[in-house]
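Working notes, structure below.
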2 protein chains.
Amino acid sequence: MRTVTDEPTGEPAGKPTPSPYPEDVSRFVERFASELTDAGMTRMSARVFAALLASESGALNSAELGERLHISPAAVSGAVRYLTQLGLIGREREPGSRRERYRVHSDQWYETYSRRNQVLTRWVDTMRTGVEALGEDTAAGQRIDETLAFFEFLHAESAAMMDRWTVRRARLREQGRLAGGEDGEDGGGERNGTGPGDGPER
Amino acid sequence: MRTVTDEPTGEPAGKPTPSPYPEDVSRFVERFASELTDAGMTRMSARVFAALLASESGALNSAELGERLHISPAAVSGAVRYLTQLGLIGREREPGSRRERYRVHSDQWYETYSRRNQVLTRWVDTMRTGVEALGEDTAAGQRIDETLAFFEFLHAESAAMMDRWTVRRARLREQGRLAGGEDGEDGGGERNGTGPGDGPER
DNA sequence: TCCTAACTTCACAATCTTGTGAAACCACAG
DNA sequence: CTGTGGTTTCACAAGATTGTGAAGTTAGGA
């Protein structure tokens, strides 16, 4: 029942994006948000984040978000606070206005991934106490030590991997290949080429 | 190989083992479980999983779990069903008894990580629809395409990484170094000397 | 076949979690 | 200063979750 969700278009000063925004874009936003939610992010935060990601300029103010997602200013506020803490978005003041704009950070994913790495070290830490509590000479202790080894491995590898990414991204960017770019090498680039058309709808 | 107060083995009859297991082991179990919970796993499942991981034989039956964790059979049942679906544990029948034992799979983490990789492909799929909806020639489309590129990169790298792990694990095992083993190399091997000393006790 | 230990399902009460309206705040234009 | 657009805080209602006791099933053993 999407009635006129569509706002009082009397908005002064052109907005980059057409107000009643496209059906399929909205679908994408909701679908991606739901996947982020599945992965553990709060629903509102996920929706806000996805909306920003899909916005033309990469930044929207509270009103625009509320309008696109049909949520209250309070909800936007909460989501934004969360995302800011995570460092996924930043806030900026529109000069000459009291409005604030929320912008997706360009390095969002990189940052996020790095953070996940920190979680790894916490886990490793915990597992060390486990090995200690159980004793290295017990089966349980060894089992946990193996897990520990795996996580340490992951940690080291991930770090190296991210370095490779920054290099790669730089290269892709200067070649202007990021938009639809192709690749080849590095672990067998496998582009899952398939029509999204059949997309498993959520 | 020392044996901890564990294994009431072969004790099908009523008497629940009064062996409240070691304080520090319990602490480890609860701490690790809570971290798993933070990462998204159901609390009961996390506790059951951690308990199994910390058990001498790597397998416990319902009664033992209920006793160690102070939870009802119903809770055990639910947690076990969940973990089984995830493929993190397996069930086996104790011969000559009606009891079932739940065992942590040895390759749990490897499996889990692989699964995460599958999620990546789903995300990539979603983002393709996003690029399509927005158009490759829009700023938003390009932004999402960059994210897409990152995830494809991650996907490929992760796969290669896991291959490396299986090789490494084999080597570690045959060298018997997995229990407390030391290492250094392989992808910028960096042994995180010490956890963030501050150990945020949650 | 019947008995019964052991696991599973069910309905529910206790908790958490969410998103909202409304009031409180804040900072800036006038 | 003061009025006002814009954001944040608060208390709460509507929903989810969760874990439990108790009833229901299933299958080994006599």
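As shown in the structure tokens, the chain order sets the letters A, B, ...; within each chain, residues go from 1, and ligands are also counted from 1 in the order they appear.
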Interface list for chain A, partner chain C, 10 Å threshold, only C-alpha atoms (C1' of nucleotides), as a tab-separated table (two decimals) with C-alpha atoms, in the first residue's frame:
```tsv
chain	number	residue	atom	x	y	z
A	42	THR	CA	19.97	-3.17	13.40
A	43	ARG	CA	17.13	-2.90	10.95
A	44	MET	CA	16.78	0.85	10.88
A	71	ILE	CA	10.33	6.35	9.32
A	72	SER	CA	10.15	8.99	11.99
A	73	PRO	CA	12.84	11.55	12.73
A	74	ALA	CA	13.46	9.70	15.97
A	75	ALA	CA	14.22	6.52	14.11
A	78	GLY	CA	18.83	6.50	16.42
A	96	GLY	CA	23.59	28.25	5.62
A	97	SER	CA	21.12	25.73	6.91
A	98	ARG	CA	20.52	24.00	10.17
```
- DSSP on the backbone: what in segment 34-188 of chain B comes out strand (DSSP E or B), as number ranges by chain? B: 59-61, 89-93, 100-104
Keeping only N, CA and C atoms, write the selected residues as a PDB file, in the first residue's frame.
```pdb
ATOM      1  N   ALA B  59      32.501 -34.214  23.150  1.00  0.00           N
ATOM      2  CA  ALA B  59      31.115 -34.648  22.980  1.00  0.00           C
ATOM      3  C   ALA B  59      30.455 -34.784  24.343  1.00  0.00           C
ATOM      4  N   LEU B  60      29.212 -34.383  24.432  1.00  0.00           N
ATOM      5  CA  LEU B  60      28.471 -34.479  25.681  1.00  0.00           C
ATOM      6  C   LEU B  60      27.038 -34.852  25.357  1.00  0.00           C
ATOM      7  N   ASN B  61      26.368 -35.439  26.315  1.00  0.00           N
ATOM      8  CA  ASN B  61      24.962 -35.749  26.074  1.00  0.00           C
ATOM      9  C   ASN B  61      24.096 -34.665  26.716  1.00  0.00           C
ATOM     10  N   ILE B  89      27.741 -28.959  14.854  1.00  0.00           N
ATOM     11  CA  ILE B  89      27.902 -30.161  15.666  1.00  0.00           C
ATOM     12  C   ILE B  89      27.203 -31.327  14.989  1.00  0.00           C
ATOM     13  N   GLY B  90      27.496 -32.519  15.449  1.00  0.00           N
ATOM     14  CA  GLY B  90      26.847 -33.686  14.898  1.00  0.00           C
ATOM     15  C   GLY B  90      26.291 -34.497  16.054  1.00  0.00           C
ATOM     16  N   ARG B  91      25.376 -35.389  15.781  1.00  0.00           N
ATOM     17  CA  ARG B  91      24.831 -36.202  16.861  1.00  0.00           C
ATOM     18  C   ARG B  91      25.208 -37.651  16.635  1.00  0.00           C
ATOM     19  N   GLU B  92      25.443 -38.350  17.722  1.00  0.00           N
ATOM     20  CA  GLU B  92      25.771 -39.755  17.596  1.00  0.00           C
ATOM     21  C   GLU B  92      25.078 -40.500  18.728  1.00  0.00           C
ATOM     22  N   ARG B  93      24.746 -41.757  18.483  1.00  0.00           N
ATOM     23  CA  ARG B  93      24.062 -42.539  19.497  1.00  0.00           C
ATOM     24  C   ARG B  93      25.077 -43.256  20.338  1.00  0.00           C
ATOM     25  N   GLU B 100      21.864 -39.709  23.379  1.00  0.00           N
ATOM     26  CA  GLU B 100      22.490 -39.200  22.182  1.00  0.00           C
ATOM     27  C   GLU B 100      23.653 -38.333  22.643  1.00  0.00           C
ATOM     28  N   ARG B 101      24.704 -38.316  21.871  1.00  0.00           N
ATOM     29  CA  ARG B 101      25.802 -37.445  22.245  1.00  0.00           C
ATOM     30  C   ARG B 101      25.969 -36.427  21.129  1.00  0.00           C
ATOM     31  N   TYR B 102      26.314 -35.231  21.514  1.00  0.00           N
ATOM     32  CA  TYR B 102      26.494 -34.168  20.544  1.00  0.00           C
ATOM     33  C   TYR B 102      27.972 -33.863  20.466  1.00  0.00           C
ATOM     34  N   ARG B 103      28.458 -33.847  19.288  1.00  0.00           N
ATOM     35  CA  ARG B 103      29.904 -33.685  19.124  1.00  0.00           C
ATOM     36  C   ARG B 103      30.253 -32.499  18.230  1.00  0.00           C
ATOM     37  N   VAL B 104      31.228 -31.741  18.643  1.00  0.00           N
ATOM     38  CA  VAL B 104      31.673 -30.635  17.800  1.00  0.00           C
ATOM     39  C   VAL B 104      32.397 -31.219  16.597  1.00  0.00           C
TER      40      VAL B 104
END
```
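Atom pair atom CA of Ala149 of chain B / atom CA of Glu64 of chain A has a distance of 28.0 Å (rounded to one decimal).
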Taking only C-alpha atoms into account and nothing else, which residues of chain A lie no more than 7 Å away from chain B? Please answer as a tab-separated table (two decimals) with C-alpha atoms, in the first residue's frame.
```tsv
chain	number	residue	atom	x	y	z
A	24	ASP	CA	13.51	-0.78	-8.27
A	25	VAL	CA	15.93	1.35	-6.36
A	28	PHE	CA	17.30	-2.81	-3.88
A	32	PHE	CA	20.23	-5.11	0.77
A	40	GLY	CA	23.47	-8.60	12.51
A	53	LEU	CA	24.57	4.03	-0.40
A	54	ALA	CA	21.97	4.18	-3.11
A	55	SER	CA	21.60	7.92	-3.09
A	56	GLU	CA	23.10	9.91	-5.90
A	57	SER	CA	25.38	12.08	-3.87
A	58	GLY	CA	25.99	9.56	-1.14
A	121	THR	CA	41.95	-10.65	18.38
A	122	ARG	CA	39.47	-10.51	21.21
A	125	ASP	CA	42.46	-13.62	23.67
A	126	THR	CA	39.53	-15.47	25.13
A	129	THR	CA	42.39	-18.21	28.65
A	130	GLY	CA	40.55	-21.33	27.59
A	133	ALA	CA	42.07	-23.15	32.00
A	134	LEU	CA	42.00	-26.56	30.40
A	136	GLU	CA	47.62	-27.64	26.93
A	137	ASP	CA	47.94	-31.29	27.63
A	138	THR	CA	44.24	-32.05	27.57
A	139	ALA	CA	42.26	-32.94	24.49
A	140	ALA	CA	39.99	-30.01	25.09
A	142	GLN	CA	44.35	-28.88	22.19
A	144	ILE	CA	40.76	-24.98	21.50
A	145	ASP	CA	44.35	-24.35	20.63
A	146	GLU	CA	43.65	-25.49	17.14
A	152	GLU	CA	45.46	-16.26	14.32
A	156	ALA	CA	47.29	-12.42	9.76
A	157	GLU	CA	45.92	-13.33	6.39
A	160	ALA	CA	47.69	-8.93	4.34
A	178	LEU	CA	35.83	0.40	-10.89
A	179	ALA	CA	32.56	0.98	-12.54
A	180	GLY	CA	31.94	-2.34	-14.15
A	187	GLY	CA	43.20	-16.15	-6.52
A	188	GLY	CA	41.32	-16.75	-9.67
A	189	GLY	CA	38.94	-13.92	-10.19
A	190	GLU	CA	35.59	-15.50	-10.52
A	196	PRO	CA	20.15	-10.97	-11.18
```
Per residue of chain D within 10 Å of chain B, which atom pair is closest and at what distance in Å (one decimal), using only C-alpha atoms (C1' of nucleotides), listed by chain and increasing number, as JSON lines?
```
{"residue": "D:DT18", "atom": "C1'", "partner": "B:Arg43", "partner_atom": "CA", "distance": 9.1}
{"residue": "D:DG19", "atom": "C1'", "partner": "B:Ala75", "partner_atom": "CA", "distance": 6.4}
{"residue": "D:DT20", "atom": "C1'", "partner": "B:Ser72", "partner_atom": "CA", "distance": 7.1}
{"residue": "D:DG21", "atom": "C1'", "partner": "B:Ser72", "partner_atom": "CA", "distance": 9.3}
{"residue": "D:DA27", "atom": "C1'", "partner": "B:Arg98", "partner_atom": "CA", "distance": 8.1}
{"residue": "D:DG28", "atom": "C1'", "partner": "B:Arg98", "partner_atom": "CA", "distance": 6.5}
{"residue": "D:DG29", "atom": "C1'", "partner": "B:Gly96", "partner_atom": "CA", "distance": 9.6}
```
Save out the residues we just selected, N, CA, C and O atoms (P, O5', C5', C4', C3', O3' and C1' of nucleotides), as a PDB file, in the first residue's frame.
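result-v7.pdb, freshly written:
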```pdb
ATOM      1  P    DT D  18      16.204 -15.371  20.455  1.00  0.00           P
ATOM      2  O5'  DT D  18      16.038 -15.864  21.947  1.00  0.00           O
ATOM      3  C5'  DT D  18      15.493 -14.956  22.891  1.00  0.00           C
ATOM      4  C4'  DT D  18      15.522 -15.554  24.283  1.00  0.00           C
ATOM      5  C3'  DT D  18      15.971 -17.007  24.384  1.00  0.00           C
ATOM      6  O3'  DT D  18      16.650 -17.183  25.600  1.00  0.00           O
ATOM      7  C1'  DT D  18      13.703 -16.833  25.044  1.00  0.00           C
ATOM      8  P    DG D  19      17.624 -18.445  25.796  1.00  0.00           P
ATOM      9  O5'  DG D  19      16.860 -19.283  26.917  1.00  0.00           O
ATOM     10  C5'  DG D  19      16.681 -18.675  28.189  1.00  0.00           C
ATOM     11  C4'  DG D  19      15.647 -19.430  28.999  1.00  0.00           C
ATOM     12  C3'  DG D  19      15.898 -20.932  29.120  1.00  0.00           C
ATOM     13  O3'  DG D  19      15.734 -21.298  30.491  1.00  0.00           O
ATOM     14  C1'  DG D  19      13.718 -20.538  28.252  1.00  0.00           C
ATOM     15  P    DT D  20      15.875 -22.791  30.942  1.00  0.00           P
ATOM     16  O5'  DT D  20      14.396 -23.085  31.442  1.00  0.00           O
ATOM     17  C5'  DT D  20      13.702 -22.036  32.133  1.00  0.00           C
ATOM     18  C4'  DT D  20      12.278 -22.458  32.420  1.00  0.00           C
ATOM     19  C3'  DT D  20      12.170 -23.944  32.755  1.00  0.00           C
ATOM     20  O3'  DT D  20      11.446 -24.132  33.963  1.00  0.00           O
ATOM     21  C1'  DT D  20      10.699 -23.394  30.941  1.00  0.00           C
ATOM     22  P    DG D  21      11.630 -25.549  34.663  1.00  0.00           P
ATOM     23  O5'  DG D  21      10.118 -26.039  34.617  1.00  0.00           O
ATOM     24  C5'  DG D  21       9.105 -25.223  35.189  1.00  0.00           C
ATOM     25  C4'  DG D  21       7.747 -25.737  34.757  1.00  0.00           C
ATOM     26  C3'  DG D  21       7.486 -27.202  35.121  1.00  0.00           C
ATOM     27  O3'  DG D  21       6.112 -27.324  35.500  1.00  0.00           O
ATOM     28  C1'  DG D  21       7.414 -26.957  32.750  1.00  0.00           C
ATOM     29  P    DA D  27      11.567 -43.914  16.281  1.00  0.00           P
ATOM     30  O5'  DA D  27      12.439 -44.819  17.262  1.00  0.00           O
ATOM     31  C5'  DA D  27      13.543 -44.239  17.952  1.00  0.00           C
ATOM     32  C4'  DA D  27      13.976 -45.154  19.072  1.00  0.00           C
ATOM     33  C3'  DA D  27      14.119 -46.624  18.654  1.00  0.00           C
ATOM     34  O3'  DA D  27      15.146 -47.206  19.451  1.00  0.00           O
ATOM     35  C1'  DA D  27      12.570 -46.494  20.372  1.00  0.00           C
ATOM     36  P    DG D  28      16.198 -48.162  18.794  1.00  0.00           P
ATOM     37  O5'  DG D  28      16.844 -48.895  20.060  1.00  0.00           O
ATOM     38  C5'  DG D  28      17.703 -48.157  20.899  1.00  0.00           C
ATOM     39  C4'  DG D  28      17.546 -48.640  22.326  1.00  0.00           C
ATOM     40  C3'  DG D  28      17.915 -50.105  22.527  1.00  0.00           C
ATOM     41  O3'  DG D  28      18.591 -50.193  23.771  1.00  0.00           O
ATOM     42  C1'  DG D  28      15.674 -49.764  23.221  1.00  0.00           C
ATOM     43  P    DG D  29      19.407 -51.466  24.100  1.00  0.00           P
ATOM     44  O5'  DG D  29      18.422 -52.203  25.116  1.00  0.00           O
ATOM     45  C5'  DG D  29      18.071 -51.521  26.302  1.00  0.00           C
ATOM     46  C4'  DG D  29      17.097 -52.356  27.114  1.00  0.00           C
ATOM     47  C3'  DG D  29      17.447 -53.849  27.154  1.00  0.00           C
ATOM     48  O3'  DG D  29      17.188 -54.292  28.483  1.00  0.00           O
ATOM     49  C1'  DG D  29      15.233 -53.568  26.359  1.00  0.00           C
TER      50       DG D  29
END
```
- Item | helix (DSSP H, G or I) per DSSP on the backbone: members of segment 77-138 of chain A, as a count of residues only | 37
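The space separating atom CA of Gln118 of chain B from atom CA of Ala46 of chain A comes to 20.0 Å.
When atom CA of Arg81 of chain A is paired with atom C1' of DA11 of chain D, their separation reads 19.7 Å.
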